[in-house]
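data.txt, holding compact mmCIF, C-alpha atoms and all ligand atoms:
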```
# COMPACT_ATOMS: atom_id res chain seq x y z
CA MET A 110 149.27 202.06 -14.56
CA LYS A 111 147.95 204.39 -17.21
CA LEU A 112 144.48 205.54 -18.05
CA ASN A 113 144.50 205.95 -21.82
CA THR A 114 140.90 206.97 -22.40
CA LEU A 115 137.89 207.91 -20.34
CA LYS A 116 134.32 207.88 -21.57
CA LEU A 117 131.43 209.21 -19.50
CA SER A 118 127.68 209.03 -20.00
CA ASN A 119 125.42 211.03 -17.72
CA PHE A 120 128.04 211.36 -15.01
CA ARG A 121 127.43 214.35 -12.68
CA ASN A 122 127.36 217.48 -14.89
CA TYR A 123 128.55 215.61 -17.99
CA ASN A 124 126.20 214.31 -20.60
CA LYS A 125 128.65 212.61 -22.97
CA LEU A 126 132.38 212.97 -22.71
CA GLU A 127 135.33 211.17 -24.25
CA LEU A 128 138.95 212.05 -23.50
CA ASN A 129 142.39 210.70 -24.37
CA PHE A 130 145.05 211.24 -21.74
CA ASN A 131 148.75 211.79 -21.65
CA ASP A 132 150.95 209.08 -20.08
CA THR A 133 152.64 211.50 -17.72
CA LEU A 134 150.83 214.67 -16.73
CA ASN A 135 147.28 215.85 -17.36
CA ILE A 136 146.07 219.22 -16.16
CA ILE A 137 142.38 219.94 -15.88
CA TYR A 138 141.51 223.57 -15.41
CA GLY A 139 138.49 225.82 -15.34
CA ASN A 140 136.48 228.04 -13.03
CA ASN A 141 134.90 226.95 -9.77
CA GLY A 142 132.00 224.60 -10.25
CA VAL A 143 132.62 223.66 -13.89
CA GLY A 144 133.25 219.98 -13.15
CA LYS A 145 136.98 219.51 -12.54
CA THR A 146 136.55 217.40 -9.43
CA ASN A 147 133.68 215.56 -11.12
CA LEU A 148 136.09 214.49 -13.82
CA VAL A 149 138.70 213.07 -11.43
CA GLU A 150 135.90 211.60 -9.33
CA ALA A 151 134.93 209.60 -12.41
CA ILE A 152 138.48 208.28 -12.70
CA TYR A 153 138.41 207.34 -9.02
CA ALA A 154 135.04 205.64 -9.40
CA LEU A 155 136.29 203.69 -12.40
CA SER A 156 138.89 202.22 -10.05
CA ILE A 157 137.12 201.85 -6.69
CA THR A 158 133.50 201.74 -8.05
CA LYS A 159 132.67 204.41 -5.45
CA SER A 160 133.11 208.13 -5.05
CA PHE A 161 135.45 209.77 -2.56
CA ARG A 162 132.96 212.48 -1.72
CA THR A 163 129.62 210.77 -1.41
CA ASN A 164 128.53 207.47 0.08
CA ASN A 165 125.49 207.45 -2.14
CA ASP A 166 126.40 206.19 -5.61
CA ARG A 167 123.21 207.68 -7.00
CA ASN A 168 124.62 211.18 -6.61
CA LEU A 169 126.95 210.34 -9.47
CA ILE A 170 124.06 210.01 -11.90
CA LYS A 171 123.38 213.19 -13.83
CA GLU A 172 120.32 214.95 -12.48
CA GLY A 173 117.17 213.84 -14.27
CA GLU A 174 118.78 210.69 -15.69
CA ILE A 175 118.39 207.09 -14.56
CA ALA A 176 121.89 205.69 -14.97
CA THR A 177 125.51 206.62 -15.46
CA LYS A 178 128.33 204.79 -17.18
CA ILE A 179 132.07 205.28 -16.76
CA GLU A 180 134.37 203.53 -19.20
CA GLY A 181 138.12 203.57 -19.38
CA GLU A 182 140.96 201.85 -21.13
CA VAL A 183 143.66 201.10 -18.59
CA GLU A 184 147.16 199.86 -19.22
CA THR A 185 148.85 197.72 -16.59
CA ASN A 186 150.75 194.65 -17.76
CA THR A 187 147.97 194.27 -20.27
CA THR A 188 145.52 196.78 -21.70
CA ASN A 189 141.90 196.30 -20.67
CA ASP A 190 138.56 198.03 -20.89
CA TYR A 191 136.94 198.75 -17.56
CA GLU A 192 133.36 199.79 -17.05
CA VAL A 193 131.19 200.85 -14.12
CA ILE A 194 127.46 201.26 -14.59
CA ILE A 195 125.39 202.76 -11.80
CA ASN A 196 121.63 202.96 -11.82
CA LYS A 197 119.00 203.39 -9.13
CA GLU A 198 118.97 199.67 -8.35
CA GLY A 199 122.70 199.27 -7.90
CA LYS A 200 125.83 198.85 -9.92
CA LYS A 201 127.48 196.56 -12.41
CA VAL A 202 131.13 196.31 -13.31
CA LYS A 203 132.74 194.88 -16.42
CA ILE A 204 136.22 194.10 -17.67
CA ASP A 205 136.53 193.72 -21.41
CA LYS A 206 132.74 193.67 -21.69
CA ASN A 207 132.41 190.70 -19.31
CA ILE A 208 130.35 191.23 -16.19
CA ILE A 209 132.43 190.68 -13.06
CA SER A 210 130.20 189.28 -10.34
CA LYS A 211 132.70 189.51 -7.48
CA LEU A 212 133.62 193.10 -6.74
CA SER A 213 136.95 191.90 -5.31
CA ASP A 214 137.94 190.71 -8.79
CA TYR A 215 137.34 194.20 -10.10
CA ILE A 216 138.64 196.67 -7.53
CA SER A 217 142.04 195.09 -7.09
CA ASN A 218 143.05 196.01 -10.64
CA ILE A 219 143.33 199.78 -10.92
CA ASN A 220 145.17 201.59 -8.14
CA ILE A 221 144.55 205.26 -7.51
CA VAL A 222 146.10 207.60 -5.00
CA LEU A 223 144.16 210.80 -4.43
CA LEU A 224 145.36 213.95 -2.66
CA GLU A 225 142.76 216.53 -1.71
CA PRO A 226 143.06 219.90 0.02
CA ASP A 227 141.09 219.05 3.15
CA GLU A 228 142.81 215.81 4.07
CA GLN A 229 143.34 216.89 7.68
CA ILE A 230 139.62 216.22 8.22
CA LEU A 231 140.61 212.57 8.59
CA PHE A 232 141.98 213.44 12.03
CA GLU A 233 138.77 215.12 13.11
CA GLN A 234 136.60 212.20 12.08
CA SER A 235 135.82 208.99 13.90
CA PRO A 236 138.15 205.97 13.67
CA SER A 237 135.73 204.41 11.17
CA GLU A 238 136.92 206.87 8.52
CA ARG A 239 140.54 205.86 9.12
CA ARG A 240 139.55 202.21 8.93
CA LYS A 241 137.77 202.97 5.66
CA LEU A 242 141.01 204.39 4.29
CA LEU A 243 142.90 201.28 5.43
CA ASN A 244 140.29 199.01 3.88
CA ILE A 245 140.21 200.77 0.53
CA GLU A 246 143.99 200.71 0.23
CA LEU A 247 144.30 197.10 1.33
CA CYS A 248 141.56 196.00 -1.09
CA GLY A 249 143.58 197.56 -3.89
CA ILE A 250 146.74 195.77 -2.86
CA LYS A 251 145.53 192.39 -1.60
CA LYS A 252 142.72 190.85 -3.55
CA GLU A 253 141.74 188.39 -0.81
CA TYR A 254 141.53 191.06 1.93
CA ILE A 255 137.97 192.05 1.10
CA LEU A 256 136.83 188.42 1.35
CA TYR A 257 138.13 188.15 4.92
CA LEU A 258 136.62 191.51 5.76
CA ASN A 259 133.22 190.45 4.42
CA SER A 260 133.41 187.17 6.38
CA TYR A 261 134.34 189.04 9.55
CA ASN A 262 131.47 191.50 9.15
CA LYS A 263 129.01 188.67 8.54
CA ILE A 264 130.06 186.84 11.71
CA LEU A 265 130.06 190.12 13.64
CA LYS A 266 126.44 190.69 12.66
CA GLN A 267 125.46 187.15 13.65
CA ARG A 268 127.32 187.48 16.93
CA ASN A 269 125.66 190.78 17.80
CA PHE A 270 122.27 189.26 17.02
CA TYR A 271 123.03 186.23 19.15
CA LEU A 272 124.23 188.33 22.08
CA LYS A 273 120.87 190.10 22.09
CA GLU A 274 119.03 186.79 21.80
CA LEU A 275 120.86 185.33 24.78
CA PHE A 276 120.18 188.35 26.91
CA ILE A 277 116.58 189.11 26.04
CA ASN A 278 115.15 185.65 25.52
CA GLY A 279 117.64 183.71 27.55
CA ASN A 280 117.48 181.00 24.93
CA GLY A 281 120.60 179.84 23.29
CA SER A 282 123.83 178.41 24.47
CA TYR A 283 127.19 179.70 25.48
CA GLU A 284 128.67 176.95 23.33
CA TYR A 285 127.28 178.61 20.24
CA LEU A 286 128.56 181.99 21.40
CA ASP A 287 131.98 180.35 21.76
CA ILE A 288 131.77 179.10 18.18
CA LEU A 289 130.88 182.55 16.86
CA THR A 290 133.62 184.12 18.95
CA ASN A 291 136.24 181.73 17.64
CA LYS A 292 135.17 182.38 14.06
CA LEU A 293 135.30 186.11 14.67
CA ILE A 294 138.84 185.80 16.02
CA GLU A 295 139.87 183.61 13.08
CA TYR A 296 138.85 186.18 10.44
CA GLY A 297 139.76 189.15 12.62
CA LYS A 298 143.31 187.89 13.11
CA LYS A 299 143.75 187.62 9.34
CA ILE A 300 142.64 191.21 8.91
CA TYR A 301 144.83 192.27 11.78
CA ASP A 302 147.86 190.68 10.09
CA TYR A 303 147.15 192.44 6.79
CA ARG A 304 146.70 195.78 8.50
CA GLN A 305 149.80 195.36 10.66
CA GLU A 306 151.94 194.44 7.65
CA PHE A 307 150.56 197.38 5.68
CA ILE A 308 151.29 199.87 8.48
CA ASP A 309 154.77 198.43 9.06
CA LYS A 310 155.58 198.90 5.38
CA ILE A 311 154.17 202.43 5.30
CA ASN A 312 156.22 203.27 8.40
CA LYS A 313 159.42 202.34 6.58
CA LEU A 314 158.64 205.01 3.97
CA ILE A 315 156.61 207.76 5.57
CA THR A 316 159.19 209.78 7.53
CA LYS A 317 161.40 210.16 4.48
CA LYS A 318 158.46 211.42 2.45
CA TYR A 319 157.45 213.83 5.18
CA GLN A 320 160.94 215.26 5.50
CA SER A 321 161.63 215.50 1.80
CA ILE A 322 158.61 217.66 1.16
CA PHE A 323 157.77 219.46 4.29
CA GLU A 324 159.94 219.83 7.30
CA LYS A 325 161.89 218.09 9.99
CA GLY A 326 160.05 215.55 12.04
CA GLU A 327 159.71 211.86 12.67
CA LEU A 328 156.35 210.59 11.52
CA ILE A 329 155.14 207.16 12.49
CA ILE A 330 151.77 205.44 12.45
CA LYS A 331 150.76 203.45 15.48
CA TYR A 332 148.29 200.68 14.89
CA ASN A 333 145.74 200.41 17.69
CA SER A 334 143.88 197.14 17.79
CA ASP A 335 142.14 194.91 20.32
CA TYR A 336 143.75 192.02 18.44
CA GLN A 337 147.31 193.03 19.26
CA LYS A 338 147.47 189.96 21.49
CA SER A 339 147.74 186.20 21.21
CA VAL A 340 144.62 184.30 20.13
CA ASP A 341 144.30 182.86 23.67
CA ASP A 342 144.41 186.28 25.25
CA ILE A 343 141.85 187.64 22.78
CA LEU A 344 139.52 184.73 23.54
CA ASN A 345 139.94 185.12 27.29
CA ASN A 346 139.14 188.78 27.02
CA TYR A 347 135.89 187.97 25.22
CA LYS A 348 134.97 185.32 27.78
CA LYS A 349 135.62 187.69 30.65
CA ASN A 350 133.26 190.18 29.09
CA TYR A 351 130.44 187.97 27.78
CA ASN A 352 127.98 189.38 30.29
CA LYS A 353 128.89 192.94 29.52
CA GLU A 354 128.54 192.30 25.78
CA MET A 355 125.19 190.57 26.27
CA ALA A 356 123.85 193.48 28.30
CA ILE A 357 124.75 195.87 25.53
CA GLY A 358 123.92 193.48 22.71
CA LYS A 359 127.09 194.34 20.88
CA THR A 360 130.55 192.93 20.26
CA LEU A 361 132.76 195.29 22.23
CA TYR A 362 136.14 194.08 21.02
CA GLY A 363 137.54 193.37 17.62
CA ILE A 364 139.11 194.79 14.52
CA HIS A 365 135.94 196.83 13.88
CA HIS A 366 137.37 199.20 16.50
CA ASP A 367 140.88 199.48 15.03
CA ASP A 368 142.47 202.87 14.58
CA MET A 369 145.60 204.46 13.19
CA ILE A 370 147.29 207.05 15.38
CA PHE A 371 149.73 209.36 13.62
CA LEU A 372 152.66 210.31 15.84
CA LEU A 373 154.77 213.29 14.90
CA ASP A 374 157.93 213.31 17.00
CA ASN A 375 156.21 210.85 19.29
CA LYS A 376 153.20 213.06 19.92
CA ASP A 377 149.68 212.30 18.74
CA ILE A 378 149.11 214.63 15.82
CA VAL A 379 145.39 214.92 16.65
CA ILE A 380 146.21 216.46 20.00
CA ARG A 381 149.44 218.31 19.28
CA GLY A 382 149.70 218.84 15.54
CA SER A 383 149.01 222.09 13.71
CA ASN A 384 146.59 222.16 10.83
CA GLY A 385 149.45 222.25 8.36
CA GLN A 386 151.27 219.38 10.03
CA LYS A 387 148.11 217.29 9.88
CA LYS A 388 147.72 217.95 6.18
CA ASN A 389 151.37 217.18 5.53
CA ALA A 390 151.14 213.94 7.49
CA ILE A 391 148.33 212.67 5.27
CA PHE A 392 150.15 213.77 2.14
CA ALA A 393 153.26 211.93 3.32
CA PHE A 394 151.09 208.86 3.98
CA LYS A 395 149.70 209.00 0.44
CA LEU A 396 153.15 209.45 -1.07
CA ALA A 397 154.45 206.47 0.91
CA LEU A 398 151.45 204.57 -0.41
CA ILE A 399 152.54 205.25 -3.99
CA ASP A 400 155.85 203.48 -3.34
CA LEU A 401 154.15 200.66 -1.46
CA ILE A 402 151.75 200.03 -4.34
CA TYR A 403 154.73 199.94 -6.68
CA GLU A 404 156.46 197.38 -4.44
CA GLU A 405 153.36 195.21 -4.18
CA LYS A 406 151.98 195.46 -7.69
CA GLY A 407 155.04 196.19 -9.80
CA SER A 408 153.32 199.23 -11.26
CA TYR A 409 152.78 202.76 -10.00
CA PRO A 410 149.23 203.86 -9.19
CA ILE A 411 147.48 206.69 -11.02
CA LEU A 412 147.86 209.88 -9.00
CA ILE A 413 145.19 212.55 -8.65
CA LEU A 414 145.99 215.94 -7.14
CA ASP A 415 142.64 217.65 -6.79
CA ASP A 416 142.73 221.38 -6.18
CA LEU A 417 145.95 221.07 -4.20
CA PHE A 418 146.91 224.68 -4.83
CA SER A 419 144.29 225.75 -2.34
CA ALA A 420 146.13 223.75 0.35
CA LEU A 421 149.82 223.95 -0.50
CA ASP A 422 152.05 226.62 -1.95
CA LYS A 423 153.67 226.34 -5.37
CA TYR A 424 156.98 225.39 -3.77
CA LYS A 425 155.60 222.40 -1.88
CA ILE A 426 153.71 221.15 -4.92
CA LYS A 427 156.87 221.44 -6.99
CA ASN A 428 158.62 219.37 -4.32
CA ILE A 429 155.92 216.72 -4.46
CA VAL A 430 156.09 216.47 -8.23
CA LYS A 431 159.90 216.45 -8.12
CA ILE A 432 160.11 213.36 -5.94
CA LEU A 433 157.56 211.49 -8.02
CA SER A 434 158.77 209.08 -10.62
CA ASN A 435 158.20 210.07 -14.23
CA ASN A 436 156.36 206.81 -14.56
CA ILE A 437 153.42 207.99 -12.52
CA GLN A 438 150.51 209.18 -14.57
CA THR A 439 149.24 212.27 -12.79
CA PHE A 440 146.05 214.32 -12.97
CA ILE A 441 146.10 217.84 -11.56
CA THR A 442 143.04 220.07 -11.29
CA THR A 443 143.32 223.82 -10.85
CA THR A 444 141.41 227.02 -11.41
CA ASP A 445 144.53 228.84 -12.41
CA LEU A 446 147.29 227.71 -14.77
CA ASP A 447 149.57 230.48 -13.46
CA LYS A 448 149.94 228.51 -10.25
CA ILE A 449 151.62 225.65 -12.06
CA ASP A 450 155.33 225.53 -12.67
CA GLU A 451 156.26 226.26 -16.29
CA LEU A 452 158.32 223.12 -16.71
CA LEU A 453 155.35 221.06 -15.64
CA LEU A 454 153.04 222.90 -18.00
CA LYS A 455 155.37 222.11 -20.86
CA LYS A 456 155.14 218.37 -20.44
CA ALA A 457 151.43 218.30 -19.65
CA LYS A 458 148.36 217.74 -21.71
CA ILE A 459 145.96 220.50 -20.76
CA PHE A 460 142.18 220.24 -20.70
CA LYS A 461 140.03 223.30 -20.23
CA ILE A 462 136.48 222.89 -18.97
CA ASN A 463 134.06 225.64 -19.98
CA GLU A 464 130.89 226.70 -18.21
CA ASN A 465 128.71 224.42 -20.31
CA SER A 466 130.72 221.30 -19.30
CA PHE A 467 132.47 221.35 -22.64
CA VAL A 468 136.03 220.06 -22.39
CA GLU A 469 138.60 221.21 -24.90
CA GLU A 470 142.19 220.10 -25.28
CA GLN A 471 144.78 222.82 -25.47
N1 LIG A 501 124.43 214.57 -10.19
C1 LIG A 501 124.68 215.75 -10.77
N2 LIG A 501 124.00 216.11 -11.89
C2 LIG A 501 124.25 217.28 -12.50
N3 LIG A 501 125.15 218.17 -12.06
C3 LIG A 501 125.84 217.88 -10.96
C4 LIG A 501 125.65 216.65 -10.26
N4 LIG A 501 126.46 216.63 -9.19
C5 LIG A 501 127.15 217.79 -9.21
N5 LIG A 501 126.78 218.53 -10.27
C6 LIG A 501 127.30 219.87 -10.62
O1 LIG A 501 128.70 219.81 -10.75
C7 LIG A 501 129.24 221.07 -10.36
C8 LIG A 501 130.38 220.90 -9.42
O2 LIG A 501 131.42 220.29 -10.07
P1 LIG A 501 132.85 220.11 -9.40
O3 LIG A 501 132.73 219.85 -7.96
O4 LIG A 501 133.56 219.14 -10.25
O5 LIG A 501 133.43 221.58 -9.61
P2 LIG A 501 134.96 222.01 -9.65
O6 LIG A 501 135.27 222.43 -11.04
O7 LIG A 501 135.81 221.00 -9.04
O8 LIG A 501 134.88 223.32 -8.74
P3 LIG A 501 135.93 223.90 -7.65
O9 LIG A 501 136.95 224.64 -8.42
O10 LIG A 501 135.09 224.80 -6.83
O11 LIG A 501 136.46 222.76 -6.88
C9 LIG A 501 128.16 221.86 -9.71
O12 LIG A 501 127.79 222.90 -10.58
C10 LIG A 501 127.05 220.87 -9.51
O13 LIG A 501 125.79 221.45 -9.65
MG MG A 502 136.82 220.86 -7.22
```

Re-express the file's structure as structure tokens.
Ligand SMILES: Nc1ncnc2c1ncn2[C@@H]1O[C@H](COP(=O)(O)OP(=O)(O)OP(=O)(O)O)[C@@H](O)[C@H]1O
Ligand SMILES: [Mg+2]
Amino acid sequence: MKLNTLKLSNFRNYNKLELNFNDTLNIIYGNNGVGKTNLVEAIYALSITKSFRTNNDRNLIKEGEIATKIEGEVETNTTNDYEVIINKEGKKVKIDKNIISKLSDYISNINIVLLEPDEQILFEQSPSERRKLLNIELCGIKKEYILYLNSYNKILKQRNFYLKELFINGNGSYEYLDILTNKLIEYGKKIYDYRQEFIDKINKLITKKYQSIFEKGELIIKYNSDYQKSVDDILNNYKKNYNKEMAIGKTLYGIHHDDMIFLLDNKDIVIRGSNGQKKNAIFAFKLALIDLIYEEKGSYPILILDDLFSALDKYKIKNIVKILSNNIQTFITTTDLDKIDELLLKKAKIFKINENSFVEEQ
């Protein structure tokens, strides 16, 4: 996958911007706060239609403006024009100028893998953030995943509502609760299968990545899910706990509680891992993901290394780049070109961002 061109209108600190990229390596450099991360955030948003650092799409609109547009020409098996338009009412996405009404038809096309300096935060956050990561990656690999996830969430909402109804008003029937429960299990099991398969495949790759870049150690992801049982057992568990769920007015079991536990040498990295080991574990996960995307899609994702020099030394970054295929288009942001290996600099296209958000090619 290659991003040939990027065009921005009123995105973050950029008014108008149009860039042509190199197929292999692109380096974006400039002082703190000039808009380096904004630029790679735009590339990410072109793919996922969302930012990686804000949940509010409106933050992407340049201050004082009413809408932003990100356009990019992306080469996969074919070359297509992608477009994301965000305004205060919502967003629209287009491929080759045609509006795409189902987001699932859009976000499964461009795959991005992003490495950031503070990745270890993922281990300090709630399981919902780790599920979000799983969901984003699975949406990019399996087009139909998001449809099952949306169906599950819809039934979950109905079920929670019905549990409250049954408890507070006493009207309603257990038969209907059974129907909702069965539906929930039906969609939930699908999601469970996708997640399990994804984690199994990552596990086949992750230890090798971890060892080749960082240090000794066996890294494995354990998938924790209430649905790690037969359908009958899941159903029985719900039935046993109907009263408890009604009292709380919430569905207490299901794939909306799933989590990924990273085990380094069989020990939970959250409890036993050092800060560095946590960071490395996520990096190894992302690198395994690159290979998995290649296996699933037949094309490498676009790789973004944002400000990685603040997290890793030159040697580790060189190791990362060394194990990457030359076929991976990579974007690196940095404040300091001296931190980048000379051989890498030679093959890169370099973009310098000045204080006034002006980007010049060097
Ligand atoms: N919606 C917005 N409208 C206008 N400017 C914005 C908007 N959002 C962020 N900015 C500006 O973008 C700048 C930050 O850009 P960015 O995070 O890309 O910097 P950076 O070059 O990555 O810096 P660092 O080296 O510190 O990581 C800030 O000056 C901020 O004021
Ligand atoms: Mg930055």

Ligand MG 502 (chain A): which residues are within 9 Å, counting all atoms listed in the file, as a tab-separated table (two decimals) with C-alpha atoms, in the frame of the given file?
```
chain	number	residue	atom	x	y	z
A	141	ASN	CA	134.90	226.95	-9.77
A	142	GLY	CA	132.00	224.60	-10.25
A	143	VAL	CA	132.62	223.66	-13.89
A	144	GLY	CA	133.25	219.98	-13.15
A	145	LYS	CA	136.98	219.51	-12.54
A	146	THR	CA	136.55	217.40	-9.43
A	147	ASN	CA	133.68	215.56	-11.12
A	415	ASP	CA	142.64	217.65	-6.79
A	416	ASP	CA	142.73	221.38	-6.18
A	442	THR	CA	143.04	220.07	-11.29
A	443	THR	CA	143.32	223.82	-10.85
A	444	THR	CA	141.41	227.02	-11.41
```

Please, what distance in Å, to one decimal, runs between atom CA of A:Tyr261 and atom CA of A:Asp287?
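We find that atom CA of A:Tyr261 and atom CA of A:Asp287 lie 15.2 Å from each other.
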
Show me, as a PyMOL selection string, the residues that have an atom within 10 Å of stretch 349-358 of chain A when counting only C-alpha atoms, minus same-chain residues fewer than 4 positions from it.
chain A and resi 268-277+283+286-287+344-345+362

Could you turn the residues from that selection into a file that holds C-alpha atoms, as a PDB file, keeping the file's coordinate frame?
```
ATOM      1  CA  ARG A 268     127.320 187.480  16.930  1.00  0.00           C
ATOM      2  CA  ASN A 269     125.660 190.780  17.800  1.00  0.00           C
ATOM      3  CA  PHE A 270     122.270 189.260  17.020  1.00  0.00           C
ATOM      4  CA  TYR A 271     123.030 186.230  19.150  1.00  0.00           C
ATOM      5  CA  LEU A 272     124.230 188.330  22.080  1.00  0.00           C
ATOM      6  CA  LYS A 273     120.870 190.100  22.090  1.00  0.00           C
ATOM      7  CA  GLU A 274     119.030 186.790  21.800  1.00  0.00           C
ATOM      8  CA  LEU A 275     120.860 185.330  24.780  1.00  0.00           C
ATOM      9  CA  PHE A 276     120.180 188.350  26.910  1.00  0.00           C
ATOM     10  CA  ILE A 277     116.580 189.110  26.040  1.00  0.00           C
ATOM     11  CA  TYR A 283     127.190 179.700  25.480  1.00  0.00           C
ATOM     12  CA  LEU A 286     128.560 181.990  21.400  1.00  0.00           C
ATOM     13  CA  ASP A 287     131.980 180.350  21.760  1.00  0.00           C
ATOM     14  CA  LEU A 344     139.520 184.730  23.540  1.00  0.00           C
ATOM     15  CA  ASN A 345     139.940 185.120  27.290  1.00  0.00           C
ATOM     16  CA  TYR A 362     136.140 194.080  21.020  1.00  0.00           C
TER      17      TYR A 362
END
```

Determine the nearest neighbour of ligand LIG 501 (chain A) from the options A:Lys455, A:Lys448, A:Lys427, A:Lys461, counting all atoms listed in the file.
A:Lys461

Which one is closest to ligand LIG 501 (chain A): A:Asn262, A:Ser419, A:Asn384, A:Asn218? Count all atoms listed in the file.
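For ligand LIG 501 (chain A), the nearest of the given residues is A:Ser419.
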
Check the smallest atom-to-atom distance from each of A:Gln471, A:Thr185, A:Ser260, A:Asn463 to ligand LIG 501 (chain A) using only C-alpha atoms and all ligand atoms, then report the winner.
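Among A:Gln471, A:Thr185, A:Ser260, A:Asn463, it is A:Asn463 that comes nearest to ligand LIG 501 (chain A).
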
Which of A:Leu417, A:Ala397, A:Leu155, A:Ile330 sits closest to ligand LIG 501 (chain A) [using all atoms listed in the file]
A:Leu417

Near-A:Leu401 list (10 Å; all atoms listed in the file; drop same-chain fewer than 3 positions) as a list in words:
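Within the cut-off, the hits are Ile250, Phe307, Lys310, Ile311, Lys313, Leu314, Lys395, Leu396, Ala397, Leu398, Glu404, Glu405, Lys406, Gly407, Ser408, Tyr409 and Pro410 of chain A.
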
Please provide the set of residues having any atom within 8 Å of A:Arg304, restricted to only C-alpha atoms, with same-chain residues fewer than 3 positions apart removed, written as a PDB file with C-alpha atoms, in the frame of the given file.
```pdb
ATOM      1  CA  LEU A 243     142.900 201.280   5.430  1.00  0.00           C
ATOM      2  CA  LEU A 247     144.300 197.100   1.330  1.00  0.00           C
ATOM      3  CA  ILE A 300     142.640 191.210   8.910  1.00  0.00           C
ATOM      4  CA  TYR A 301     144.830 192.270  11.780  1.00  0.00           C
ATOM      5  CA  PHE A 307     150.560 197.380   5.680  1.00  0.00           C
ATOM      6  CA  ILE A 308     151.290 199.870   8.480  1.00  0.00           C
TER       7      ILE A 308
END
```

Nearest candidate to A:Phe371 (options A:Ile459, A:Leu128, A:Ile315, A:Val202; using only C-alpha atoms):
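Of A:Ile459, A:Leu128, A:Ile315, A:Val202, the one nearest A:Phe371 is A:Ile315, counting only C-alpha atoms.
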
Which residues, written as a JSON list (two decimals) with C-alpha atoms, keeping the file's coordinate frame, have at least one atom at most 9 Å from A:Glu184, with all atoms listed in the file counted and residues fewer than 5 positions away on the same chain left out?
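Now in out-v6.json:
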```json
[["chain", "number", "residue", "atom", "x", "y", "z"],
["A", 110, "MET", "CA", 149.27, 202.06, -14.56],
["A", 111, "LYS", "CA", 147.95, 204.39, -17.21],
["A", 112, "LEU", "CA", 144.48, 205.54, -18.05],
["A", 113, "ASN", "CA", 144.50, 205.95, -21.82],
["A", 189, "ASN", "CA", 141.90, 196.30, -20.67],
["A", 190, "ASP", "CA", 138.56, 198.03, -20.89]]
```

Repair of stretch 393-404 of chain A at the level of N, CA and C atoms, as a short mmCIF file (atom, residue, chain, number, x, y, z; two decimals), in the frame of the given file:
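Output contents, as saved in out18.cif:
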```
data_model
loop_
_atom_site.label_atom_id
_atom_site.label_comp_id
_atom_site.auth_asym_id
_atom_site.auth_seq_id
_atom_site.Cartn_x
_atom_site.Cartn_y
_atom_site.Cartn_z
N ALA A 393 152.10 212.83 3.23
CA ALA A 393 153.26 211.93 3.32
C ALA A 393 152.79 210.47 3.31
N PHE A 394 151.67 210.21 3.98
CA PHE A 394 151.09 208.86 3.98
C PHE A 394 150.75 208.43 2.55
N LYS A 395 150.12 209.33 1.82
CA LYS A 395 149.70 209.00 0.44
C LYS A 395 150.91 208.80 -0.48
N LEU A 396 151.95 209.58 -0.24
CA LEU A 396 153.15 209.45 -1.07
C LEU A 396 153.88 208.13 -0.75
N ALA A 397 153.87 207.76 0.53
CA ALA A 397 154.45 206.47 0.91
C ALA A 397 153.65 205.34 0.25
N LEU A 398 152.35 205.56 0.21
CA LEU A 398 151.45 204.57 -0.41
C LEU A 398 151.79 204.33 -1.88
N ILE A 399 152.17 205.39 -2.57
CA ILE A 399 152.54 205.25 -3.99
C ILE A 399 153.68 204.25 -4.12
N ASP A 400 154.71 204.40 -3.28
CA ASP A 400 155.85 203.48 -3.34
C ASP A 400 155.46 202.07 -2.93
N LEU A 401 154.59 201.99 -1.93
CA LEU A 401 154.15 200.66 -1.46
C LEU A 401 153.38 199.93 -2.56
N ILE A 402 152.52 200.65 -3.24
CA ILE A 402 151.75 200.03 -4.34
C ILE A 402 152.71 199.55 -5.43
N TYR A 403 153.74 200.35 -5.68
CA TYR A 403 154.73 199.94 -6.68
C TYR A 403 155.44 198.65 -6.24
N GLU A 404 155.80 198.59 -4.96
CA GLU A 404 156.46 197.38 -4.44
C GLU A 404 155.56 196.15 -4.55
#
```
